[in-house]
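**Student:** Right, I'll just put the structure down here and ask away after.
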Amino acid sequence: MPKLRLIVYQIVAYAFFMGFIAYFSSAPMWKHTDPANATVKVSIRHPGKIVGECRDLSEAEMGNLSPNMKVLQECPRERSPVTLNIELDGETFFESIARPSGLQKDGVSTFYGRFSVPAGEHQIKAILKDDVHAGSADFEVLRTINLSSRQVLVIDFKDGFIFK
């Protein structure tokens with residue numbers, strides 16, 4: 001008799017578990033995006049310009065270095081922070097300053113954002129500044145893009161802005 005009771009409990013537990021999985025595999029309904037909207041993703045990894053300039057080492061400085069460390073110039077490694085500004089139809093919808101990664105602040109600056117925008121024709125202006133010594137932006141582009149519903153537009157950067 002106790003063995004039969006264990007089998008019944010096991011059948012009830014399995015039925016409950018299968019019902020739980022069956023329910024959550026088809027319900028509740030989940031919508032990834034609103035059908036009337038498109039998605040704009042910003043995914044950029046870009047190194048800023050090096051902050052300082054190389055300088056020549058003097059004979060005295062080179063004499064203090066070990067033989068395997070002797071170089072003619074000493075160059076800084078630190079990079080500038082990168083500023084990114086993206087406007088949609090004249091209004092800023094992404095603005096960020098990314099510091100360089102790494103212990104010596106010599107790595108890339110990373111941006112990521114995901115935005116839902118109404119489908120239709122939009123003007124996108126992207127501005128990137130990667131040099132703290134420059135007065136104006138280093139890269140700037142203005143594009144007119146027609147986004148269909150549920151379309152995903154990715155804004156990337158490699159020697160210039162890429163819209164895919």
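In the structure tokens, chains take letters A, B, ... by order of appearance, with residues numbered from 1 within each chain and ligands from 1 in the order shown.
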If you count only C-alpha atoms, which residues fall within 6 Å of region 74-84 of chain A, apart from same-chain ones fewer than 5 positions away, as a list in words?

**Tutor:**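 Answer for this query is Gly48, Lys49, Ile50, Val51, Gly52, Cys54, Arg55, Glu95, Ser96, Ile97, Ala98, Arg99, Pro100, Lys105, Asp106, Ile127, Leu128, Lys129, Asp130, Asp131 and Val132 of chain A.
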
**Student:** Could you go through region 48-101 of chain A and tell me which residues DSSP, when run on the backbone, assigns to strand (DSSP E), listing them as a short mmCIF file (atom, residue, chain, number, x, y, z; two decimals) with N, CA and C atoms, in the first residue's frame?

**Tutor:**
```cif
data_model
loop_
_atom_site.label_atom_id
_atom_site.label_comp_id
_atom_site.auth_asym_id
_atom_site.auth_seq_id
_atom_site.Cartn_x
_atom_site.Cartn_y
_atom_site.Cartn_z
N ARG A 55 57.64 62.33 -26.44
CA ARG A 55 58.77 63.23 -26.21
C ARG A 55 60.06 62.42 -26.28
N ASP A 56 61.09 63.05 -26.75
CA ASP A 56 62.39 62.41 -26.84
C ASP A 56 63.03 62.33 -25.46
N GLN A 73 61.98 57.41 -27.47
CA GLN A 73 60.88 58.30 -27.10
C GLN A 73 60.03 57.68 -26.02
N GLU A 74 59.37 58.56 -25.25
CA GLU A 74 58.40 58.12 -24.25
C GLU A 74 57.05 58.65 -24.70
N VAL A 82 35.34 59.77 -25.16
CA VAL A 82 34.61 59.93 -26.41
C VAL A 82 33.20 60.43 -26.09
N THR A 83 32.77 61.46 -26.81
CA THR A 83 31.43 62.03 -26.63
C THR A 83 30.58 61.65 -27.84
N LEU A 84 29.39 61.11 -27.58
CA LEU A 84 28.47 60.72 -28.65
C LEU A 84 27.13 61.40 -28.42
N ASN A 85 26.61 62.00 -29.48
CA ASN A 85 25.33 62.68 -29.43
C ASN A 85 24.54 62.27 -30.67
N ILE A 86 23.34 61.74 -30.47
CA ILE A 86 22.49 61.33 -31.59
C ILE A 86 21.15 62.03 -31.45
N GLU A 87 20.76 62.70 -32.53
CA GLU A 87 19.49 63.43 -32.56
C GLU A 87 18.54 62.76 -33.55
N LEU A 88 17.28 62.72 -33.19
CA LEU A 88 16.23 62.19 -34.05
C LEU A 88 15.23 63.30 -34.29
N GLU A 91 15.68 66.43 -32.10
CA GLU A 91 15.67 66.27 -30.64
C GLU A 91 16.69 65.23 -30.23
N THR A 92 17.47 65.52 -29.20
CA THR A 92 18.49 64.60 -28.71
C THR A 92 17.82 63.41 -28.04
N PHE A 93 18.14 62.20 -28.50
CA PHE A 93 17.62 61.02 -27.81
C PHE A 93 18.72 60.12 -27.28
N PHE A 94 19.98 60.41 -27.59
CA PHE A 94 21.10 59.69 -26.98
C PHE A 94 22.26 60.65 -26.86
N GLU A 95 22.74 60.85 -25.64
CA GLU A 95 23.87 61.72 -25.39
C GLU A 95 24.67 61.11 -24.25
N SER A 96 25.95 60.86 -24.51
CA SER A 96 26.76 60.19 -23.50
C SER A 96 28.24 60.50 -23.70
N ILE A 97 28.97 60.47 -22.60
CA ILE A 97 30.43 60.56 -22.62
C ILE A 97 30.95 59.26 -22.03
N ALA A 98 31.80 58.56 -22.78
CA ALA A 98 32.35 57.29 -22.31
C ALA A 98 33.84 57.46 -22.05
#
```

**Student:** Which parts of region 42-142 of chain A does DSSP call alpha helix (DSSP H) when run on the backbone here, written out as a list in words?

**Tutor:**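 After running DSSP on the backbone, region 42-142 of chain A has alpha helix (DSSP H) at Glu59, Ala60, Glu61, Met62 and Gly63 of chain A.
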
**Student:** May I have the selected residues written with N, CA and C atoms, as a PDB file, in the first residue's frame?

**Tutor:**
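Output (again_2.pdb):
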```
ATOM      1  N   GLU A  59      69.873  61.813 -22.903  1.00  0.00           N
ATOM      2  CA  GLU A  59      70.907  60.795 -22.664  1.00  0.00           C
ATOM      3  C   GLU A  59      70.917  60.373 -21.200  1.00  0.00           C
ATOM      4  N   ALA A  60      70.702  61.317 -20.286  1.00  0.00           N
ATOM      5  CA  ALA A  60      70.698  61.004 -18.845  1.00  0.00           C
ATOM      6  C   ALA A  60      69.531  60.081 -18.506  1.00  0.00           C
ATOM      7  N   GLU A  61      68.369  60.371 -19.063  1.00  0.00           N
ATOM      8  CA  GLU A  61      67.196  59.526 -18.811  1.00  0.00           C
ATOM      9  C   GLU A  61      67.404  58.132 -19.396  1.00  0.00           C
ATOM     10  N   MET A  62      67.993  58.051 -20.576  1.00  0.00           N
ATOM     11  CA  MET A  62      68.242  56.741 -21.195  1.00  0.00           C
ATOM     12  C   MET A  62      69.289  55.960 -20.405  1.00  0.00           C
ATOM     13  N   GLY A  63      70.250  56.656 -19.787  1.00  0.00           N
ATOM     14  CA  GLY A  63      71.274  55.992 -18.983  1.00  0.00           C
ATOM     15  C   GLY A  63      70.700  55.361 -17.733  1.00  0.00           C
TER      16      GLY A  63
END
```

**Student:** Using only C-alpha atoms, which residues sit within 12 Å of Lys41 (chain A) once same-chain residues fewer than 2 positions away are excluded, as a PyMOL selection string?

**Tutor:** chain A and resi 38-39+43-44+86+93-94+111-117+151-156+162-164

**Student:** Quick one, how far is CA of Leu65 (chain A) from CA of Gly102 (chain A)?

**Tutor:**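 Separation of CA of Leu65 (chain A) and CA of Gly102 (chain A): 25.5 Å.
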
**Student:** Neighbours of Pro47 (chain A) within 7 Å (only C-alpha atoms; same-chain residues fewer than 4 positions away dropped), as a PyMOL selection string?

**Tutor:** chain A and resi 107-109

**Student:** Using Å and a single decimal, report how far CA of Ile145 (chain A) sits from CA of Glu121 (chain A).

**Tutor:**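 It comes out at 5.6 Å.
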
**Student:** Taking into account only C-alpha atoms, which residue in the set A:Asp138, A:Asp34, A:Glu53, A:Asp89 is nearest to Arg150 (chain A)?

**Tutor:**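 Of A:Asp138, A:Asp34, A:Glu53, A:Asp89, the one nearest Arg150 (chain A), counting only C-alpha atoms, is A:Asp34.
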
**Student:** Go through A:Pro35, A:Pro67, A:Gly90, A:Pro2 and flag the residue nearest Arg143 (chain A), using only C-alpha atoms for the distances.

**Tutor:**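 The answer is A:Gly90, which sits nearest to Arg143 (chain A).
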